[in-house]
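Trainee: File name protein39.json; file contents JSON, C-alpha atoms (C1' of nucleotides); full text below.
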```json
[["chain", "number", "residue", "atom", "x", "y", "z"],
["A", 1, "MET", "CA", 179.40, 106.27, 147.81],
["A", 2, "ALA", "CA", 182.70, 107.87, 146.90],
["A", 3, "LYS", "CA", 182.64, 111.31, 145.41],
["A", 4, "GLY", "CA", 182.97, 111.51, 141.64],
["A", 5, "TYR", "CA", 185.07, 113.89, 139.58],
["A", 6, "TRP", "CA", 184.48, 115.25, 136.10],
["A", 7, "LEU", "CA", 185.69, 117.58, 133.42],
["A", 8, "MET", "CA", 183.02, 119.54, 131.57],
["A", 9, "LYS", "CA", 183.73, 121.47, 128.38],
["A", 10, "SER", "CA", 182.09, 124.71, 127.43],
["A", 11, "GLU", "CA", 182.88, 127.21, 124.73],
["A", 12, "PRO", "CA", 183.49, 130.50, 126.52],
["A", 13, "ASP", "CA", 181.65, 132.37, 123.74],
["A", 14, "VAL", "CA", 178.58, 130.36, 124.66],
["A", 15, "PHE", "CA", 178.95, 129.96, 128.41],
["A", 16, "SER", "CA", 182.12, 130.83, 130.31],
["A", 17, "ILE", "CA", 183.21, 130.36, 133.89],
["A", 18, "ASP", "CA", 182.52, 134.06, 134.41],
["A", 19, "ASP", "CA", 178.96, 133.48, 133.26],
["A", 20, "LEU", "CA", 178.66, 130.66, 135.79],
["A", 21, "ALA", "CA", 180.10, 132.87, 138.53],
["A", 22, "LYS", "CA", 177.44, 135.47, 137.73],
["A", 23, "VAL", "CA", 174.45, 133.14, 137.80],
["A", 24, "GLU", "CA", 175.86, 130.92, 140.58],
["A", 25, "ARG", "CA", 173.87, 127.93, 139.36],
["A", 26, "GLU", "CA", 173.10, 126.72, 135.85],
["A", 27, "PRO", "CA", 171.41, 123.79, 134.08],
["A", 28, "TRP", "CA", 174.04, 122.15, 131.88],
["A", 29, "ASP", "CA", 171.76, 121.93, 128.85],
["A", 30, "GLY", "CA", 172.39, 121.04, 125.25],
["A", 31, "ILE", "CA", 174.39, 117.84, 125.67],
["A", 32, "ARG", "CA", 173.54, 115.73, 122.61],
["A", 33, "ASN", "CA", 175.98, 112.89, 122.95],
["A", 34, "TYR", "CA", 174.89, 109.56, 124.40],
["A", 35, "GLN", "CA", 178.03, 108.82, 126.35],
["A", 36, "ALA", "CA", 177.97, 112.23, 128.01],
["A", 37, "ARG", "CA", 174.26, 111.88, 128.67],
["A", 38, "ASN", "CA", 174.75, 108.50, 130.30],
["A", 39, "PHE", "CA", 177.31, 109.96, 132.67],
["A", 40, "MET", "CA", 174.84, 112.61, 133.77],
["A", 41, "ARG", "CA", 171.95, 110.19, 133.99],
["A", 42, "ASP", "CA", 173.67, 107.24, 135.64],
["A", 43, "THR", "CA", 176.87, 108.23, 137.34],
["A", 44, "MET", "CA", 176.87, 111.87, 138.45],
["A", 45, "ARG", "CA", 175.84, 112.60, 141.99],
["A", 46, "VAL", "CA", 175.16, 115.75, 143.94],
["A", 47, "GLY", "CA", 178.46, 116.99, 145.37],
["A", 48, "ASP", "CA", 180.67, 115.67, 142.57],
["A", 49, "GLY", "CA", 183.58, 117.94, 141.63],
["A", 50, "VAL", "CA", 183.84, 119.46, 138.15],
["A", 51, "LEU", "CA", 186.82, 120.91, 136.30],
["A", 52, "PHE", "CA", 185.47, 123.70, 134.10],
["A", 53, "TYR", "CA", 187.15, 123.58, 130.69],
["A", 54, "HIS", "CA", 187.05, 126.25, 128.01],
["A", 55, "SER", "CA", 187.17, 124.66, 124.56],
["A", 56, "ASN", "CA", 187.71, 126.68, 121.40],
["A", 57, "GLY", "CA", 188.83, 129.46, 123.70],
["A", 58, "GLY", "CA", 190.40, 131.62, 121.01],
["A", 59, "LYS", "CA", 191.99, 134.68, 122.58],
["A", 60, "LEU", "CA", 190.91, 133.54, 126.04],
["A", 61, "GLY", "CA", 192.85, 130.32, 125.62],
["A", 62, "THR", "CA", 191.87, 126.68, 125.76],
["A", 63, "GLY", "CA", 192.11, 124.82, 129.06],
["A", 64, "ILE", "CA", 190.86, 124.43, 132.60],
["A", 65, "VAL", "CA", 189.72, 127.71, 134.14],
["A", 66, "GLY", "CA", 188.19, 126.73, 137.45],
["A", 67, "VAL", "CA", 185.99, 124.45, 139.48],
["A", 68, "ALA", "CA", 182.27, 123.79, 139.72],
["A", 69, "GLU", "CA", 180.12, 121.34, 141.61],
["A", 70, "VAL", "CA", 177.24, 119.09, 140.61],
["A", 71, "VAL", "CA", 174.14, 120.22, 142.51],
["A", 72, "SER", "CA", 171.36, 118.09, 141.05],
["A", 73, "GLU", "CA", 170.72, 114.59, 139.85],
["A", 74, "GLY", "CA", 170.17, 114.16, 136.13],
["A", 75, "TYR", "CA", 166.80, 115.32, 134.84],
["A", 76, "ALA", "CA", 165.15, 115.85, 131.45],
["A", 77, "ASP", "CA", 166.79, 118.47, 129.25],
["A", 78, "TYR", "CA", 163.67, 120.37, 128.22],
["A", 79, "THR", "CA", 165.52, 122.40, 125.57],
["A", 80, "ALA", "CA", 165.31, 119.24, 123.44],
["A", 81, "TRP", "CA", 161.59, 119.78, 122.71],
["A", 82, "ASP", "CA", 161.69, 123.55, 122.68],
["A", 83, "ALA", "CA", 161.40, 124.46, 119.00],
["A", 84, "GLU", "CA", 162.95, 127.85, 119.76],
["A", 85, "SER", "CA", 166.07, 126.33, 121.27],
["A", 86, "LYS", "CA", 169.25, 125.81, 119.32],
["A", 87, "TYR", "CA", 169.41, 122.44, 121.05],
["A", 88, "PHE", "CA", 166.03, 121.35, 119.67],
["A", 89, "ASP", "CA", 165.78, 117.67, 118.75],
["A", 90, "GLY", "CA", 162.63, 116.64, 116.86],
["A", 91, "LYS", "CA", 162.76, 113.12, 118.28],
["A", 92, "ALA", "CA", 162.54, 114.27, 121.90],
["A", 93, "SER", "CA", 159.37, 115.14, 123.78],
["A", 94, "GLU", "CA", 158.21, 115.63, 127.34],
["A", 95, "ALA", "CA", 157.02, 112.00, 127.34],
["A", 96, "ASN", "CA", 160.29, 110.83, 125.82],
["A", 97, "PRO", "CA", 162.94, 113.39, 126.78],
["A", 98, "ILE", "CA", 165.93, 111.39, 125.44],
["A", 99, "TRP", "CA", 168.40, 113.99, 126.75],
["A", 100, "VAL", "CA", 169.44, 114.66, 130.31],
["A", 101, "MET", "CA", 171.15, 117.50, 132.14],
["A", 102, "VAL", "CA", 172.37, 118.29, 135.64],
["A", 103, "ASP", "CA", 172.69, 121.61, 137.46],
["A", 104, "VAL", "CA", 176.13, 122.85, 138.40],
["A", 105, "ARG", "CA", 177.19, 125.64, 140.70],
["A", 106, "PHE", "CA", 180.22, 127.91, 140.66],
["A", 107, "VAL", "CA", 182.98, 127.03, 143.14],
["A", 108, "GLU", "CA", 186.14, 128.86, 142.11],
["A", 109, "LYS", "CA", 187.94, 130.44, 139.21],
["A", 110, "PHE", "CA", 191.68, 129.96, 138.83],
["A", 111, "ASP", "CA", 193.74, 133.17, 138.70],
["A", 112, "GLU", "CA", 195.16, 131.93, 135.43],
["A", 113, "ILE", "CA", 193.96, 129.38, 132.91],
["A", 114, "LEU", "CA", 195.65, 126.00, 133.06],
["A", 115, "THR", "CA", 196.13, 125.61, 129.33],
["A", 116, "LEU", "CA", 195.85, 122.42, 127.36],
["A", 117, "SER", "CA", 199.58, 122.62, 126.67],
["A", 118, "ASP", "CA", 200.20, 122.95, 130.42],
["A", 119, "LEU", "CA", 198.20, 119.77, 130.91],
["A", 120, "LYS", "CA", 199.95, 117.99, 128.06],
["A", 121, "GLY", "CA", 203.32, 119.07, 129.35],
["A", 122, "ASN", "CA", 202.72, 117.58, 132.78],
["A", 123, "ALA", "CA", 203.68, 113.91, 132.85],
["A", 124, "GLU", "CA", 201.60, 113.33, 135.98],
["A", 125, "LEU", "CA", 198.45, 114.22, 134.05],
["A", 126, "SER", "CA", 199.09, 111.95, 131.08],
["A", 127, "GLY", "CA", 196.22, 109.71, 132.12],
["A", 128, "MET", "CA", 193.61, 112.41, 131.71],
["A", 129, "LEU", "CA", 191.24, 111.93, 128.79],
["A", 130, "VAL", "CA", 191.37, 115.59, 127.84],
["A", 131, "VAL", "CA", 195.04, 115.39, 126.82],
["A", 132, "ARG", "CA", 194.34, 112.56, 124.42],
["A", 133, "ARG", "CA", 194.32, 113.37, 120.77],
["A", 134, "GLY", "CA", 190.93, 113.49, 119.15],
["A", 135, "GLN", "CA", 189.07, 113.20, 122.45],
["A", 136, "ARG", "CA", 185.84, 115.11, 121.81],
["A", 137, "LEU", "CA", 183.70, 113.91, 124.68],
["A", 138, "SER", "CA", 182.31, 117.02, 126.37],
["A", 139, "ILE", "CA", 181.82, 115.38, 129.76],
["A", 140, "GLN", "CA", 184.67, 113.21, 130.95],
["A", 141, "PRO", "CA", 185.31, 111.30, 134.15],
["A", 142, "VAL", "CA", 188.44, 112.40, 136.02],
["A", 143, "ASP", "CA", 190.47, 110.39, 138.55],
["A", 144, "GLU", "CA", 190.47, 111.72, 142.10],
["A", 145, "GLU", "CA", 194.26, 112.01, 141.95],
["A", 146, "ASP", "CA", 194.19, 113.98, 138.72],
["A", 147, "PHE", "CA", 191.47, 116.25, 140.09],
["A", 148, "ALA", "CA", 193.64, 117.01, 143.12],
["A", 149, "ARG", "CA", 196.71, 117.64, 140.95],
["A", 150, "VAL", "CA", 194.82, 120.01, 138.66],
["A", 151, "LEU", "CA", 193.44, 121.90, 141.66],
["A", 152, "LYS", "CA", 196.90, 122.33, 143.06],
["A", 153, "LEU", "CA", 198.32, 123.47, 139.72],
["A", 154, "GLY", "CA", 195.44, 125.85, 139.06],
["A", 155, "ARG", "CA", 195.61, 127.45, 142.48],
["A", 156, "GLY", "CA", 199.37, 127.68, 142.37],
["A", 157, "LYS", "CA", 199.60, 129.39, 139.05],
["A", 158, "GLY", "CA", 198.32, 132.89, 139.66],
["B", 1, "DG", "C1'", 189.49, 128.71, 108.10],
["B", 2, "DC", "C1'", 191.46, 124.08, 107.88],
["B", 3, "DC", "C1'", 191.11, 119.53, 108.76],
["B", 4, "DA", "C1'", 191.74, 115.18, 111.67],
["B", 5, "DA", "C1'", 189.07, 112.53, 114.59],
["B", 6, "DC", "C1'", 185.12, 110.47, 115.60],
["B", 7, "DG", "C1'", 179.93, 109.90, 116.49],
["B", 8, "DT", "C1'", 175.64, 109.18, 113.98],
["B", 9, "DT", "C1'", 172.76, 108.04, 110.14],
["B", 10, "DG", "C1'", 170.89, 105.41, 106.65],
["B", 11, "DG", "C1'", 171.19, 102.32, 102.55],
["B", 12, "DC", "C1'", 171.77, 97.81, 101.72],
["C", 1, "DG", "C1'", 174.77, 94.28, 111.15],
["C", 2, "DC", "C1'", 178.11, 96.49, 108.07],
["C", 3, "DC", "C1'", 180.11, 100.49, 106.59],
["C", 4, "DA", "C1'", 180.32, 104.71, 103.64],
["C", 5, "DA", "C1'", 178.75, 109.25, 103.86],
["C", 6, "DC", "C1'", 177.90, 112.94, 106.49],
["C", 7, "DG", "C1'", 177.97, 116.28, 110.29],
["C", 8, "DT", "C1'", 180.22, 118.01, 114.34],
["C", 9, "DT", "C1'", 183.94, 118.89, 117.54],
["C", 10, "DG", "C1'", 187.68, 121.27, 118.65],
["C", 11, "DG", "C1'", 192.80, 122.13, 118.32],
["C", 12, "DC", "C1'", 195.64, 124.75, 115.68]]
```
Write out the structure in this file as structure tokens.
Mentor:
Amino acid sequence: MAKGYWLMKSEPDVFSIDDLAKVEREPWDGIRNYQARNFMRDTMRVGDGVLFYHSNGGKLGTGIVGVAEVVSEGYADYTAWDAESKYFDGKASEANPIWVMVDVRFVEKFDEILTLSDLKGNAELSGMLVVRRGQRLSIQPVDEEDFARVLKLGRGKG
DNA sequence: GCCAACGTTGGC
DNA sequence: GCCAACGTTGGC
């Protein structure tokens, strides 16, 4: 099967690309949106490429900051039935997990952030979901061509 | 901090 | 099954 490509959003205050670089590998927990869950459960495969996006970046800026890789199939997000977790969901249980996560691993960090306005200003990237107004989905599929373009831009910027 | 966009919930 | 109210996301 062909390799898949994704964009995954994270607030750098909560979990940044530097955090991922430190831990090397991380369960992408806390996704509580059905569409995003379905991508992880049904479509993501080990080896898929991930654009790491900082949302609500504040001083750090908002945009794509590097690359990660999917390193597990989807599995139950156990934070959903952990009453201590901020991602707790009373309807989920070990028998009925509802929510799914995958593990990702750090691949590379761009020398400079590729900001949202960079992306919006590039006509070649106009098909990307992330440049669309009001697009809140935290896990988005990315075309192979767009993934390659972003990689080139991100590596070329520093 | 504001607020537009949009997903989810719940009354009917 | 509709849809208004509500809560959250996320850019600015």
Trainee: Nearest to chain C: which of A:Thr79, A:Gln140, A:Ser16, A:Asn56 is it, counting only C-alpha atoms (C1' of nucleotides)?
Mentor: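 Nearest to chain C: A:Asn56.
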Trainee: Under the rule of at most 9 Å, produce a per-residue listing of chain C near chain B: chain, number, name, the closest pair of atoms, and the distance in Å, as CSV, using all atoms listed in the file.
Mentor:
```
residue,atom,partner,partner_atom,distance
C:DA5,C1',B:DT9,C1',8.8
C:DC6,C1',B:DT9,C1',8.0
C:DG7,C1',B:DT8,C1',8.3
C:DT8,C1',B:DG7,C1',8.4
C:DT9,C1',B:DA5,C1',8.7
C:DC12,C1',B:DC2,C1',8.9
```
Trainee: As an exercise, work out the distance from CA of Glu144 in chain A to CA of His54 in chain A in Å and give it to one decimal place.
Mentor: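 Interatomic distance here is 20.5 Å.
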Trainee: Within 12 Å of Asp19 in chain A, counting all atoms listed in the file, which residues show up once you throw out same-chain ones fewer than 6 positions away? Write them as a list in words, please.
Mentor: Ser10, Glu11, Pro12, Asp13, Arg25, Glu26, Phe52, Arg105, Phe106 and Lys109 of chain A
Trainee: Counting all atoms listed in the file, which of A:Met101, A:Ala148, A:Ile17, A:Ile113 gets nearest to Lys59 in chain A?
Mentor: A:Ile113
Trainee: Using all atoms listed in the file, pick whichever of A:Ala80, A:Leu151, A:Ala92, A:Leu137 has the shortest atom-to-atom distance to chain C.
Mentor: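 Among the listed residues, A:Leu137 lies closest to chain C.
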Trainee: Could you give me, as a tab-separated table, a per-residue list for chain A showing, wherever an atom lies at most 12 Å from an atom of chain B, the closest pair of atoms and their distance in Å to one decimal, using only C-alpha atoms (C1' of nucleotides) and sorting by chain then residue number from low to high?
Mentor:
```
residue	atom	partner	partner_atom	distance
A:Arg32	CA	B:DG7	C1'	10.6
A:Asn33	CA	B:DG7	C1'	8.1
A:Tyr34	CA	B:DG7	C1'	9.4
A:Gln35	CA	B:DG7	C1'	10.1
A:Ala36	CA	B:DG7	C1'	11.9
A:Arg132	CA	B:DA5	C1'	11.2
A:Arg133	CA	B:DA5	C1'	8.2
A:Gly134	CA	B:DA5	C1'	5.0
A:Gln135	CA	B:DA5	C1'	7.9
A:Arg136	CA	B:DC6	C1'	7.8
A:Leu137	CA	B:DC6	C1'	9.8
```
